[in-house]
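Okay, so here's the structure we're looking at.
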Amino acid sequence: MYGKAIELFLVNGSADSLTTAELSNWNGKAIKIPRTEIAGCDRDDIKGVGVYFLMCQEDDGTDSVYIGEAENVLDRLSQHLRDYQSGKEKYYWNTAVIFVGRDLNKALIRYLENRFVEIAKDCGRYSILTKNTYKNTVLKETQIATMEEFIDNVKILINTLGYKVLVPVPKATDDTVYLYCKGTEANAKGFVSTGGFTVLSGSKISDHTVPSLETQGKGYFNLRNTLIKEEVIKDGVFQKDYEFSASSAASAVILGHTSNGNVDWKTENGTKLKD
């Protein structure tokens with residue numbers, strides 16, 4: 001791995017407004033734009049061929065994303081707004097993250113869209129709102145290699161802009177210290193990771209929740225239900241590794257009640273996480 005130089009430009013002087021991001025020695029560009037700025041935008045770079053990510057947050061606090069492609073991204077984003085106003089589009093997004101490139105065309109962006117949907121699903125951090133993609137786009141071997149490099153650069157930039165939609169769940173290493181969370185019918189294993197706390201596949205959750213979780217820890221209650229709905233948890237067992245934002249979020253979902261992860265996660269010899 002080599003260091004990466006990224007140029008961020010806050011177009012209006014604010015990180016909450018239009019922002020561009022570029023990697024050195026790459027002809028692509030990332031453009032982050034709030035929903036509220038789409039109507040008044042007239043930038044030529046957003047009118048180009050590209051792929052885009054519409055970042056949403058559901059009522060239960062979980063993240064979701066719509067991934068799309070367009071030959072004129074600005075026109076397509078404006079269409080999304082009109083579809084929402086007319087009731088055709090049910091989800092509400094706050095921010096669009098756009099990726100354009102000098103050599104992109106319709107075939108290439110169809111390939112990119114499908115790959116990004118596949119990668120985002122494999123990562124499992126966001127609910128994917130995209131329903132259909134072109135799965136059989138025919139490209140030359142050289143084009144595929146170029147697009148895979150484009151994908152690697154997008155992964156770096158979208159994570160730099162604060163969205164982990166294409167970041168895989170961390171894996172344990174030889175130096176990983178494992179911790180355990182146990183309760184009524186619950187028996188889970190995990191470790192502290194860069195984004196919070198990762199629970200490992202095969203971990204078992206409690207078969208019930210207490211009423212106070214829905215009132216005092218409603219976010220955790222909703223998260224637990226979402227993980228079950230999306231079959232990250234099936235038949236009470238984690239089907240794959242999953243990274244939580246904090247150890248307490250992980251232990252609350254597992255135990256079915258509000259929890260202090262610093263206390264409820266322990267090493268094999270009983271040492272608490274806080275120690």
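Identifiers for the structure tokens are assigned positionally: chains receive A, B, ... in sequence, residues are indexed from 1 per chain, and ligands are indexed from 1 in the order shown.
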Please provide the set of residues having any atom within 9 Å of Leu77 of chain A, restricted to only C-alpha atoms, with same-chain residues fewer than 3 positions apart removed, written as a PDB file with N, CA and C atoms, in the first residue's frame.
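Output (part.pdb):
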```pdb
ATOM      1  N   ARG A  35     -28.930  17.496  -1.076  1.00  0.00           N
ATOM      2  CA  ARG A  35     -30.195  17.511  -1.809  1.00  0.00           C
ATOM      3  C   ARG A  35     -30.705  18.931  -2.027  1.00  0.00           C
ATOM      4  N   ILE A  38     -29.366  20.835  -5.218  1.00  0.00           N
ATOM      5  CA  ILE A  38     -29.507  20.289  -6.570  1.00  0.00           C
ATOM      6  C   ILE A  38     -30.228  21.270  -7.495  1.00  0.00           C
ATOM      7  N   TYR A  52     -23.643   7.461  -9.268  1.00  0.00           N
ATOM      8  CA  TYR A  52     -23.942   8.272  -8.093  1.00  0.00           C
ATOM      9  C   TYR A  52     -24.510   7.414  -6.975  1.00  0.00           C
ATOM     10  N   ASN A  72     -26.246  12.022 -17.925  1.00  0.00           N
ATOM     11  CA  ASN A  72     -26.217  13.376 -17.386  1.00  0.00           C
ATOM     12  C   ASN A  72     -26.695  13.265 -15.940  1.00  0.00           C
ATOM     13  N   VAL A  73     -25.733  13.244 -15.020  1.00  0.00           N
ATOM     14  CA  VAL A  73     -26.061  12.952 -13.619  1.00  0.00           C
ATOM     15  C   VAL A  73     -26.973  14.018 -13.027  1.00  0.00           C
ATOM     16  N   LEU A  74     -26.730  15.274 -13.332  1.00  0.00           N
ATOM     17  CA  LEU A  74     -27.561  16.344 -12.766  1.00  0.00           C
ATOM     18  C   LEU A  74     -29.015  16.184 -13.187  1.00  0.00           C
ATOM     19  N   HIS A  80     -34.985  12.384  -9.820  1.00  0.00           N
ATOM     20  CA  HIS A  80     -35.240  11.767  -8.513  1.00  0.00           C
ATOM     21  C   HIS A  80     -36.087  12.698  -7.645  1.00  0.00           C
ATOM     22  N   LEU A  81     -35.755  13.967  -7.647  1.00  0.00           N
ATOM     23  CA  LEU A  81     -36.519  14.935  -6.845  1.00  0.00           C
ATOM     24  C   LEU A  81     -37.968  15.011  -7.315  1.00  0.00           C
ATOM     25  N   ARG A  82     -38.162  15.056  -8.621  1.00  0.00           N
ATOM     26  CA  ARG A  82     -39.526  15.118  -9.160  1.00  0.00           C
ATOM     27  C   ARG A  82     -40.303  13.835  -8.831  1.00  0.00           C
ATOM     28  N   ALA A  96     -26.107  13.461  -2.259  1.00  0.00           N
ATOM     29  CA  ALA A  96     -25.670  12.664  -3.409  1.00  0.00           C
ATOM     30  C   ALA A  96     -24.151  12.732  -3.502  1.00  0.00           C
TER      31      ALA A  96
END
```
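Excluding segment 65-70 of chain A itself and any same-chain residue fewer than 6 positions from it, the protein and nucleic acid residues within 9 Å of it, counting only C-alpha atoms, are A:Gly48, A:Val49, A:Gly50, A:Val51, A:Tyr52, A:Phe53, A:Leu54, A:Met55, A:Cys56, A:Gln57, A:Arg76, A:Trp93, A:Lys106, A:Ile109, A:Arg110, A:Leu112, A:Glu113, A:Asn114, A:Phe116, A:Val117, A:Tyr126, A:Ser127, A:Ile128, A:Leu129, A:Thr130, A:Lys131, A:Thr133, A:Val165.
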For atom CA of Tyr134 of chain A and atom CA of Gly101 of chain A, the interatomic separation in Å (one decimal)
19.6 Å
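Picture a line from atom CA of Gly202 of chain A to atom CA of Gly162 of chain A; it runs 29.4 Å.
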Leaving out Leu10 of chain A and any residue of its chain fewer than 5 positions from it, which residues lie within 12 Å of it when counting only C-alpha atoms, given as a PyMOL selection string?
chain A and resi 15-21+31-33+161
Segment 237-243 of chain A environment, 12 Å, only C-alpha atoms, sequence neighbours closer than 5 positions dropped, as a PyMOL selection string:
chain A and resi 122-126+164+167-172+185-207+224+227-228+230-232+248-251+253-254
Taking N, CA and C atoms for each residue, export the selection above as a compact mmCIF listing (two decimals), in the first residue's frame.
```
# COMPACT_ATOMS: atom_id res chain seq x y z
N ASP A 122 -22.20 -6.98 -0.44
CA ASP A 122 -21.24 -7.85 0.24
C ASP A 122 -20.74 -7.20 1.53
N CYS A 123 -20.56 -5.89 1.52
CA CYS A 123 -20.09 -5.19 2.72
C CYS A 123 -21.16 -5.20 3.82
N GLY A 124 -22.43 -5.10 3.43
CA GLY A 124 -23.53 -5.24 4.37
C GLY A 124 -23.71 -4.10 5.35
N ARG A 125 -23.14 -2.95 5.09
CA ARG A 125 -23.26 -1.84 6.02
C ARG A 125 -24.51 -0.99 5.75
N TYR A 126 -24.97 -0.97 4.51
CA TYR A 126 -26.12 -0.16 4.11
C TYR A 126 -27.19 -1.07 3.49
N LYS A 164 -19.08 4.69 4.50
CA LYS A 164 -18.41 3.38 4.49
C LYS A 164 -19.18 2.34 3.68
N VAL A 167 -16.89 -0.20 2.20
CA VAL A 167 -15.81 -0.67 3.09
C VAL A 167 -16.21 -2.01 3.70
N PRO A 168 -15.44 -3.07 3.47
CA PRO A 168 -15.79 -4.37 4.05
C PRO A 168 -15.66 -4.36 5.57
N VAL A 169 -16.38 -5.26 6.21
CA VAL A 169 -16.29 -5.40 7.67
C VAL A 169 -14.88 -5.86 8.03
N PRO A 170 -14.26 -5.27 9.06
CA PRO A 170 -12.89 -5.64 9.43
C PRO A 170 -12.75 -7.13 9.75
N LYS A 171 -11.59 -7.66 9.44
CA LYS A 171 -11.29 -9.06 9.73
C LYS A 171 -10.31 -9.14 10.90
N ALA A 172 -10.43 -10.21 11.65
CA ALA A 172 -9.51 -10.44 12.76
C ALA A 172 -8.11 -10.75 12.24
N GLU A 185 -29.66 -17.39 26.73
CA GLU A 185 -29.66 -17.92 25.37
C GLU A 185 -28.66 -17.22 24.45
N ALA A 186 -27.97 -16.19 24.93
CA ALA A 186 -27.05 -15.42 24.08
C ALA A 186 -25.61 -15.86 24.32
N ASN A 187 -24.85 -15.94 23.25
CA ASN A 187 -23.44 -16.30 23.35
C ASN A 187 -22.73 -15.76 22.11
N ALA A 188 -22.04 -14.63 22.26
CA ALA A 188 -21.46 -13.95 21.11
C ALA A 188 -19.97 -13.73 21.30
N LYS A 189 -19.29 -13.60 20.16
CA LYS A 189 -17.84 -13.39 20.14
C LYS A 189 -17.54 -12.25 19.19
N GLY A 190 -16.60 -11.37 19.58
CA GLY A 190 -16.27 -10.25 18.72
C GLY A 190 -14.96 -9.62 19.11
N PHE A 191 -14.69 -8.45 18.51
CA PHE A 191 -13.43 -7.75 18.81
C PHE A 191 -13.59 -6.26 18.50
N VAL A 192 -12.78 -5.45 19.15
CA VAL A 192 -12.76 -4.02 18.90
C VAL A 192 -12.16 -3.80 17.51
N SER A 193 -12.84 -2.99 16.68
CA SER A 193 -12.39 -2.75 15.32
C SER A 193 -12.34 -1.25 15.04
N THR A 194 -11.84 -0.88 13.88
CA THR A 194 -11.60 0.54 13.59
C THR A 194 -12.87 1.37 13.63
N GLY A 195 -14.01 0.79 13.21
CA GLY A 195 -15.26 1.54 13.18
C GLY A 195 -16.12 1.36 14.40
N GLY A 196 -15.67 0.60 15.38
CA GLY A 196 -16.46 0.36 16.59
C GLY A 196 -16.22 -1.01 17.18
N PHE A 197 -17.14 -1.95 16.89
CA PHE A 197 -17.02 -3.30 17.46
C PHE A 197 -17.62 -4.29 16.47
N THR A 198 -16.86 -5.33 16.13
CA THR A 198 -17.30 -6.32 15.16
C THR A 198 -17.71 -7.62 15.86
N VAL A 199 -18.93 -8.06 15.57
CA VAL A 199 -19.44 -9.34 16.07
C VAL A 199 -19.25 -10.39 14.99
N LEU A 200 -18.79 -11.56 15.38
CA LEU A 200 -18.44 -12.59 14.41
C LEU A 200 -19.62 -13.47 14.02
N SER A 201 -19.56 -13.95 12.81
CA SER A 201 -20.55 -14.91 12.32
C SER A 201 -20.63 -16.10 13.27
N GLY A 202 -21.86 -16.58 13.50
CA GLY A 202 -22.07 -17.71 14.41
C GLY A 202 -22.46 -17.28 15.81
N SER A 203 -22.34 -15.98 16.11
CA SER A 203 -22.73 -15.48 17.43
C SER A 203 -24.25 -15.58 17.59
N LYS A 204 -24.69 -15.94 18.78
CA LYS A 204 -26.11 -16.18 19.04
C LYS A 204 -26.68 -15.06 19.91
N ILE A 205 -27.88 -14.59 19.55
CA ILE A 205 -28.52 -13.53 20.33
C ILE A 205 -29.58 -14.13 21.26
N SER A 206 -30.01 -13.33 22.23
CA SER A 206 -31.10 -13.73 23.12
C SER A 206 -32.37 -13.94 22.31
N ASP A 207 -33.20 -14.88 22.76
CA ASP A 207 -34.43 -15.19 22.01
C ASP A 207 -35.57 -14.22 22.32
N ARG A 224 -31.78 -4.09 15.89
CA ARG A 224 -31.91 -5.55 16.02
C ARG A 224 -32.95 -6.08 15.03
N LEU A 227 -31.61 -5.96 11.45
CA LEU A 227 -30.64 -7.03 11.17
C LEU A 227 -31.35 -8.37 10.97
N ILE A 228 -32.43 -8.57 11.70
CA ILE A 228 -33.22 -9.80 11.51
C ILE A 228 -33.95 -9.75 10.18
N GLU A 230 -33.13 -8.19 7.47
CA GLU A 230 -32.20 -8.32 6.35
C GLU A 230 -31.39 -9.61 6.41
N GLU A 231 -31.71 -10.46 7.40
CA GLU A 231 -31.11 -11.79 7.56
C GLU A 231 -29.61 -11.74 7.82
N VAL A 232 -29.14 -10.61 8.36
CA VAL A 232 -27.80 -10.62 8.95
C VAL A 232 -27.84 -11.55 10.16
N SER A 248 -21.49 -1.10 22.99
CA SER A 248 -22.79 -1.13 23.67
C SER A 248 -23.92 -1.43 22.71
N ALA A 249 -23.81 -0.94 21.47
CA ALA A 249 -24.81 -1.26 20.45
C ALA A 249 -24.81 -2.76 20.19
N ALA A 250 -23.62 -3.34 20.10
CA ALA A 250 -23.50 -4.77 19.84
C ALA A 250 -24.09 -5.59 20.98
N SER A 251 -23.74 -5.26 22.21
CA SER A 251 -24.21 -6.06 23.34
C SER A 251 -25.71 -5.88 23.58
N VAL A 253 -28.03 -5.37 21.22
CA VAL A 253 -28.69 -6.20 20.22
C VAL A 253 -28.61 -7.67 20.61
N ILE A 254 -27.47 -8.10 21.11
CA ILE A 254 -27.26 -9.51 21.46
C ILE A 254 -28.06 -9.91 22.69
```
Selection near Asp264 of chain A, 8 Å with only C-alpha atoms, sequence-local residues under 4 positions removed, as an NGL selection string
:A and (181-182 or 251 or 259-260 or 272-273)
For the selection just defined, write its residues with N, CA and C atoms to a file, as a JSON list (two decimals), in the first residue's frame.
```
[["chain", "number", "residue", "atom", "x", "y", "z"],
["A", 181, "CYS", "N", -19.71, -12.01, 24.91],
["A", 181, "CYS", "CA", -20.89, -11.43, 25.55],
["A", 181, "CYS", "C", -21.90, -12.56, 25.73],
["A", 182, "LYS", "N", -22.27, -12.84, 26.98],
["A", 182, "LYS", "CA", -23.16, -13.96, 27.24],
["A", 182, "LYS", "C", -24.34, -13.53, 28.10],
["A", 251, "SER", "N", -23.74, -5.26, 22.21],
["A", 251, "SER", "CA", -24.21, -6.06, 23.34],
["A", 251, "SER", "C", -25.71, -5.88, 23.58],
["A", 259, "SER", "N", -27.49, -2.05, 27.52],
["A", 259, "SER", "CA", -26.26, -2.68, 27.97],
["A", 259, "SER", "C", -25.11, -1.69, 27.94],
["A", 260, "ASN", "N", -24.17, -1.89, 28.84],
["A", 260, "ASN", "CA", -22.90, -1.17, 28.82],
["A", 260, "ASN", "C", -21.86, -2.12, 28.24],
["A", 272, "LYS", "N", -13.01, -7.36, 31.82],
["A", 272, "LYS", "CA", -13.97, -6.51, 31.12],
["A", 272, "LYS", "C", -13.29, -5.64, 30.07],
["A", 273, "LEU", "N", -14.04, -5.28, 29.02],
["A", 273, "LEU", "CA", -13.50, -4.46, 27.96],
["A", 273, "LEU", "C", -12.91, -3.17, 28.50]]
```
Residues near segment 211-223 of chain A, anyone? I mean within 9 Å using only C-alpha atoms, not counting same-chain ones fewer than 6 positions away, as a JSON list (two decimals) with all heavy atoms, in the first residue's frame.
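Final output, out-v2.json:
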```
[["chain", "number", "residue", "atom", "x", "y", "z"],
["A", 60, "ASP", "N", -35.60, 4.17, 11.42],
["A", 60, "ASP", "CA", -35.04, 3.43, 12.55],
["A", 60, "ASP", "C", -33.56, 3.74, 12.77],
["A", 60, "ASP", "O", -32.91, 3.13, 13.61],
["A", 60, "ASP", "CB", -35.23, 1.92, 12.37],
["A", 60, "ASP", "CG", -34.55, 1.38, 11.12],
["A", 60, "ASP", "OD1", -33.82, 2.15, 10.46],
["A", 60, "ASP", "OD2", -34.76, 0.20, 10.80],
["A", 61, "GLY", "N", -33.02, 4.69, 12.00],
["A", 61, "GLY", "CA", -31.63, 5.10, 12.19],
["A", 61, "GLY", "C", -30.62, 4.35, 11.35],
["A", 61, "GLY", "O", -29.43, 4.69, 11.35],
["A", 62, "THR", "N", -31.05, 3.31, 10.63],
["A", 62, "THR", "CA", -30.13, 2.56, 9.79],
["A", 62, "THR", "C", -29.87, 3.30, 8.48],
["A", 62, "THR", "O", -30.70, 4.09, 8.02],
["A", 62, "THR", "CB", -30.67, 1.15, 9.49],
["A", 62, "THR", "OG1", -31.94, 1.26, 8.84],
["A", 62, "THR", "CG2", -30.83, 0.35, 10.77],
["A", 249, "ALA", "N", -23.81, -0.94, 21.47],
["A", 249, "ALA", "CA", -24.81, -1.26, 20.45],
["A", 249, "ALA", "C", -24.81, -2.76, 20.19],
["A", 249, "ALA", "O", -25.86, -3.40, 20.09],
["A", 249, "ALA", "CB", -24.53, -0.49, 19.16],
["A", 250, "ALA", "N", -23.62, -3.34, 20.10],
["A", 250, "ALA", "CA", -23.50, -4.77, 19.84],
["A", 250, "ALA", "C", -24.09, -5.59, 20.98],
["A", 250, "ALA", "O", -24.88, -6.52, 20.76],
["A", 250, "ALA", "CB", -22.03, -5.14, 19.63],
["A", 252, "ALA", "N", -26.26, -4.69, 23.30],
["A", 252, "ALA", "CA", -27.70, -4.47, 23.46],
["A", 252, "ALA", "C", -28.49, -5.32, 22.48],
["A", 252, "ALA", "O", -29.51, -5.92, 22.83],
["A", 252, "ALA", "CB", -28.04, -2.99, 23.28],
["A", 253, "VAL", "N", -28.03, -5.37, 21.22],
["A", 253, "VAL", "CA", -28.69, -6.20, 20.22],
["A", 253, "VAL", "C", -28.61, -7.67, 20.61],
["A", 253, "VAL", "O", -29.59, -8.42, 20.47],
["A", 253, "VAL", "CB", -28.05, -5.97, 18.83],
["A", 253, "VAL", "CG1", -28.48, -7.05, 17.84],
["A", 253, "VAL", "CG2", -28.43, -4.58, 18.30],
["A", 256, "GLY", "N", -30.64, -8.23, 24.14],
["A", 256, "GLY", "CA", -32.06, -7.90, 24.11],
["A", 256, "GLY", "C", -32.47, -6.91, 25.19],
["A", 256, "GLY", "O", -33.66, -6.75, 25.46],
["A", 257, "HIS", "N", -31.50, -6.24, 25.78],
["A", 257, "HIS", "CA", -31.80, -5.18, 26.76],
["A", 257, "HIS", "C", -30.68, -4.15, 26.71],
["A", 257, "HIS", "O", -29.61, -4.40, 26.14],
["A", 257, "HIS", "CB", -31.98, -5.74, 28.17],
["A", 257, "HIS", "CG", -30.78, -6.50, 28.70],
["A", 257, "HIS", "ND1", -29.61, -5.89, 29.08],
["A", 257, "HIS", "CD2", -30.60, -7.83, 28.91],
["A", 257, "HIS", "CE1", -28.75, -6.79, 29.52],
["A", 257, "HIS", "NE2", -29.32, -7.98, 29.41],
["A", 258, "THR", "N", -30.92, -2.97, 27.29],
["A", 258, "THR", "CA", -29.88, -1.94, 27.29],
["A", 258, "THR", "C", -28.64, -2.49, 27.99],
["A", 258, "THR", "O", -28.74, -3.28, 28.94],
["A", 258, "THR", "CB", -30.37, -0.67, 28.00],
["A", 258, "THR", "OG1", -30.87, -1.01, 29.30],
["A", 258, "THR", "CG2", -31.47, 0.00, 27.19]]
```
Step one, run DSSP on the backbone; step two, keep only residues of segment 55-205 of chain A assigned to strand (DSSP E or B); then write them as a PyMOL selection string.
chain A and resi 55-57+63-70+93-101+127-128+179-183+186-193+196-199+204
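Residues in contact with Glu149 of chain A at 12 Å, where only C-alpha atoms are counted and same-chain residues fewer than 4 positions away are skipped, are listed as Trp26, Asn27, Gly28, Leu112, Thr142, Gln143, Ile144, Ala145, Asn153, Val154, Lys155 and Ile156 of chain A.
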Could you please take those selected residues and save N, CA, C and O atoms as a short mmCIF file (atom, residue, chain, number, x, y, z; two decimals), in the first residue's frame?
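This is the output file part_4.cif:
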```cif
data_model
loop_
_atom_site.label_atom_id
_atom_site.label_comp_id
_atom_site.auth_asym_id
_atom_site.auth_seq_id
_atom_site.Cartn_x
_atom_site.Cartn_y
_atom_site.Cartn_z
N TRP A 26 -5.24 10.73 -11.29
CA TRP A 26 -6.48 10.05 -11.67
C TRP A 26 -7.40 11.06 -12.34
O TRP A 26 -7.55 12.18 -11.83
N ASN A 27 -8.00 10.70 -13.47
CA ASN A 27 -8.84 11.66 -14.18
C ASN A 27 -10.29 11.66 -13.73
O ASN A 27 -11.12 12.35 -14.30
N GLY A 28 -10.60 10.88 -12.71
CA GLY A 28 -11.95 10.89 -12.15
C GLY A 28 -12.10 11.97 -11.09
O GLY A 28 -11.13 12.59 -10.65
N LEU A 112 -20.09 -0.26 -13.86
CA LEU A 112 -19.75 0.29 -12.55
C LEU A 112 -20.93 0.20 -11.59
O LEU A 112 -20.78 -0.19 -10.42
N THR A 142 -9.34 -4.97 -21.38
CA THR A 142 -8.67 -3.74 -20.96
C THR A 142 -9.63 -2.78 -20.28
O THR A 142 -9.26 -2.08 -19.32
N GLN A 143 -10.88 -2.74 -20.76
CA GLN A 143 -11.88 -1.86 -20.14
C GLN A 143 -12.21 -2.32 -18.73
O GLN A 143 -12.36 -1.51 -17.81
N ILE A 144 -12.34 -3.63 -18.54
CA ILE A 144 -12.63 -4.17 -17.20
C ILE A 144 -11.51 -3.81 -16.23
O ILE A 144 -11.76 -3.38 -15.10
N ALA A 145 -10.27 -3.95 -16.67
CA ALA A 145 -9.14 -3.61 -15.81
C ALA A 145 -9.16 -2.13 -15.42
O ALA A 145 -8.94 -1.77 -14.26
N ASN A 153 -10.41 3.46 -6.68
CA ASN A 153 -10.30 4.88 -6.35
C ASN A 153 -11.59 5.42 -5.74
O ASN A 153 -11.56 6.25 -4.82
N VAL A 154 -12.73 4.97 -6.24
CA VAL A 154 -14.01 5.37 -5.66
C VAL A 154 -14.11 4.92 -4.21
O VAL A 154 -14.58 5.66 -3.35
N LYS A 155 -13.65 3.70 -3.93
CA LYS A 155 -13.67 3.19 -2.55
C LYS A 155 -12.92 4.12 -1.61
O LYS A 155 -13.36 4.40 -0.49
N ILE A 156 -11.77 4.59 -2.06
CA ILE A 156 -10.96 5.49 -1.23
C ILE A 156 -11.67 6.82 -1.01
O ILE A 156 -11.78 7.31 0.11
#
```
One residue among A:Ile233, A:Ile158, A:Val263, A:Ala5 is nearest to Ile98 of chain A when using only C-alpha atoms, and that residue is A:Ile158
